[in-house]
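These notes are about the structure you will find just below.
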Amino acid sequence: CRHQRRAATARRATAEKRFPILSSRPASEDSLPNLPEGIAPGVVTGKSLEILLDWAKQKGFAIPAVNCVSTSTINACLEAARKMDSPIIVQFSSGGAQFYAGKGLDNKEFHAAIAGAVAGAYHVRAMAEQYGIPVILHTDHCAKDLLPWLDGLLSANERYFERHGEPLFSSHMIDLSPEPLEENIELCTKYLERMAKMNVGLEMELGITGGEEDGVNNEDANPEDLYSKPEEIWQVYEALSKVPNGNFTIAAAFGNVHGVYQAGNVKLDPKILGKAQTYICEKLGLPEGSKPVKFVFHGGSGSEK
């Protein structure tokens, strides 16, 4: 049918542009059957990223994100996503990217962490189309002291964009949640302005995700900081929405934590996110039930299931 021909043409064009070395080999025949128009297997960026995130929001499901540290963990994620007929987020932390690069590479000025993330990105790009699934290529928590790592990755994105008309990565996360909210918003706005010029999305965090991950320990965080306020979420949304071509998601805190905890020790309050959507709808004059914010959920619930 016409829709299938259009999808096949999009896949061929994507393969030619992104990975010429593999272009003579067709993508997997097991491509997801119900992808929205504008989404083809492979790494999604720019408008395709927006479409995929909006589609997930409309369908009421979350796209899983997995931190990867090797080619085998990346391939396992791609295989699992294909078996589950699901898009997936493959992401790298600074420590995971350094591990990917190998112990023999010096990490002075985050050299190994930058090289590892870039190498991982190329591997994802080479394999995602072959597995026939859409992949969001992302980097995880980037605290203030890790911003030079992100700067290096943005430079790699800019070089890739010059050659291919799209960025290497789909998006990056900046986690300035321990900093004052005003500074958090100011720096995220500054970075989004740079990222928007090459269609890279931004994930920002406000409030604190409890627990510990990749050397960032928030186990002793003030309990109040584990829950974001609708007014704070609106401040972020209002500021970032002013960036031309800006595409962003918000990791707001609702009691979620990193790590595994016994049931009862984690008190989730996801209604905070719903209240924030309602609050922002009222600010923007949107119809009741609209969901203007794209939220990101970090950590786990402590549940065994």
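Residues are referred to by chain and number: the chain letter is A, B, ... according to the order shown in the structure tokens, the number counts from 1 in that chain, and ligands are numbered separately from 1 in the order shown.
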*Tell me which protein, DNA and RNA residues are within 6 Å of region 193-206 of chain A, counting only C-alpha atoms, leaving out same-chain ones fewer than 3 positions away, and put them as an MDAnalysis selection string.*
chainID A and resid 46 170:175 177 190 245:252
*asked:* Can you pull out the residues contacting Ser86 (chain A)? Cut-off 9 Å, using only C-alpha atoms, and skip same-chain residues under 4 positions away; I want them as an MDAnalysis selection string.
replied: chainID A and resid 32 63:64 80:82 133:134
*Among the residues of region 40-92 of chain A, find those DSSP assigns to strand (DSSP E or B) from the backbone and print them as a PyMOL selection string.*
chain A and resi 42-43+65-67+88-92
*Identify, on the basis of only C-alpha atoms, every residue whose closest approach to region 49-53 of chain A does not exceed 8 Å; exclude the query and any residue fewer than 5 positions from it along the same chain; express the result as a PyMOL selection string.*
chain A and resi 36+38-39+44+136+170+247+294
Take the residues from that selection and put them in a file with N, CA and C atoms, as a compact mmCIF listing (two decimals), in the first residue's frame.
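Result file is result_20.txt:
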```
# COMPACT_ATOMS: atom_id res chain seq x y z
N PRO A 36 4.12 5.80 14.19
CA PRO A 36 3.45 6.96 13.61
C PRO A 36 4.18 7.45 12.37
N GLY A 38 6.33 9.51 9.97
CA GLY A 38 7.48 10.36 10.25
C GLY A 38 8.53 9.67 11.09
N ILE A 39 8.24 8.44 11.56
CA ILE A 39 9.19 7.69 12.37
C ILE A 39 9.65 6.46 11.61
N VAL A 44 16.34 8.48 16.21
CA VAL A 44 15.42 9.57 15.87
C VAL A 44 15.95 10.88 16.46
N ILE A 136 15.97 6.45 20.75
CA ILE A 136 16.38 7.76 21.22
C ILE A 136 17.77 7.60 21.83
N SER A 170 20.31 12.15 19.99
CA SER A 170 18.95 12.69 19.98
C SER A 170 18.81 13.81 21.00
N ASN A 247 13.39 21.83 22.12
CA ASN A 247 12.67 20.59 22.43
C ASN A 247 13.18 20.10 23.77
N LYS A 294 6.25 17.25 28.74
CA LYS A 294 6.77 15.89 28.54
C LYS A 294 7.61 15.56 29.78
```
Looking only at the backbone, which of the residues in region 73-256 of chain A does DSSP tag as alpha helix (DSSP H), as a short mmCIF file (atom, residue, chain, number, x, y, z; two decimals) with C-alpha atoms, in the first residue's frame?
```cif
data_model
loop_
_atom_site.label_atom_id
_atom_site.label_comp_id
_atom_site.auth_asym_id
_atom_site.auth_seq_id
_atom_site.Cartn_x
_atom_site.Cartn_y
_atom_site.Cartn_z
CA THR A 73 24.56 -4.23 26.54
CA ILE A 74 23.49 -2.00 23.65
CA ASN A 75 22.69 -5.01 21.49
CA ALA A 76 20.76 -6.65 24.32
CA CYS A 77 18.61 -3.52 24.65
CA LEU A 78 17.95 -3.38 20.93
CA GLU A 79 17.00 -7.05 20.84
CA ALA A 80 14.67 -6.66 23.83
CA ALA A 81 13.00 -3.62 22.27
CA ARG A 82 12.41 -5.50 19.03
CA LYS A 83 10.92 -8.49 20.87
CA SER A 94 29.77 9.88 32.17
CA GLY A 95 31.14 6.91 34.12
CA GLY A 96 29.56 4.40 31.75
CA ALA A 97 30.98 6.19 28.73
CA GLN A 98 34.44 6.19 30.32
CA PHE A 99 34.10 2.44 30.91
CA TYR A 100 33.05 2.00 27.27
CA ALA A 101 36.28 3.69 26.15
CA HIS A 111 38.62 12.68 27.11
CA ALA A 112 37.72 9.01 27.67
CA ALA A 113 34.14 9.79 28.67
CA ILE A 114 33.62 11.88 25.52
CA ALA A 115 35.28 9.31 23.25
CA GLY A 116 33.33 6.43 24.82
CA ALA A 117 29.97 8.15 24.42
CA VAL A 118 30.71 9.08 20.80
CA ALA A 119 31.88 5.53 20.02
CA GLY A 120 28.74 4.14 21.63
CA ALA A 121 26.61 6.53 19.61
CA TYR A 122 28.14 5.31 16.36
CA HIS A 123 27.52 1.70 17.39
CA VAL A 124 23.87 2.47 18.15
CA ARG A 125 23.48 4.21 14.80
CA ALA A 126 25.01 1.25 12.97
CA MET A 127 22.78 -1.33 14.67
CA ALA A 128 19.43 0.34 15.42
CA GLU A 129 18.23 0.27 11.82
CA GLN A 130 19.28 -3.37 11.48
CA TYR A 131 17.11 -4.26 14.48
CA LEU A 147 29.39 20.08 32.04
CA PRO A 148 32.80 19.93 30.25
CA TRP A 149 31.84 16.36 29.27
CA LEU A 150 28.62 17.65 27.76
CA ASP A 151 30.47 20.47 26.02
CA GLY A 152 32.63 17.87 24.27
CA LEU A 153 29.58 15.90 23.20
CA LEU A 154 27.88 19.02 21.85
CA SER A 155 30.97 19.75 19.79
CA ALA A 156 30.73 16.23 18.37
CA ASN A 157 27.05 16.86 17.60
CA GLU A 158 27.91 20.07 15.79
CA ARG A 159 30.53 18.35 13.63
CA TYR A 160 28.10 15.54 12.82
CA PHE A 161 25.36 18.06 12.04
CA GLU A 162 27.60 19.88 9.57
CA ARG A 163 28.15 16.64 7.64
CA HIS A 164 24.77 14.95 7.89
CA LEU A 181 16.33 26.83 40.73
CA GLU A 182 17.19 30.19 39.12
CA GLU A 183 20.69 28.98 38.22
CA ASN A 184 19.29 25.67 37.01
CA ILE A 185 16.89 27.43 34.65
CA GLU A 186 19.49 29.96 33.47
CA LEU A 187 22.08 27.34 32.54
CA CYS A 188 19.55 24.99 30.96
CA THR A 189 18.21 27.84 28.85
CA LYS A 190 21.74 28.71 27.72
CA TYR A 191 22.47 25.12 26.73
CA LEU A 192 19.11 24.63 25.03
CA GLU A 193 19.80 27.66 22.84
CA ARG A 194 22.95 25.97 21.59
CA MET A 195 21.31 22.55 21.27
CA ALA A 196 18.23 23.83 19.43
CA PRO A 230 3.75 22.79 40.15
CA GLU A 231 4.89 26.40 40.37
CA GLU A 232 8.53 25.35 39.92
CA ILE A 233 7.68 23.14 36.96
CA TRP A 234 5.84 26.08 35.39
CA GLN A 235 8.91 28.30 35.86
CA VAL A 236 10.99 25.80 33.93
CA TYR A 237 8.39 25.25 31.23
CA GLU A 238 7.83 28.98 30.71
CA ALA A 239 11.55 29.75 30.38
CA LEU A 240 12.50 26.86 28.10
#
```
*Could you give me, as a PyMOL selection string, the residues within 7 Å of Val90 (chain A), counting only C-alpha atoms and dropping anything in the same chain fewer than 4 positions from it?*
chain A and resi 65-68+135-138
*asked:* Taking only C-alpha atoms into account, name the residue in A:Asn107, A:Lys144, A:Phe92, A:Ala56 that is nearest to Pro180 (chain A).
replied: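 Using only C-alpha atoms, Pro180 (chain A) sits closest to A:Lys144.
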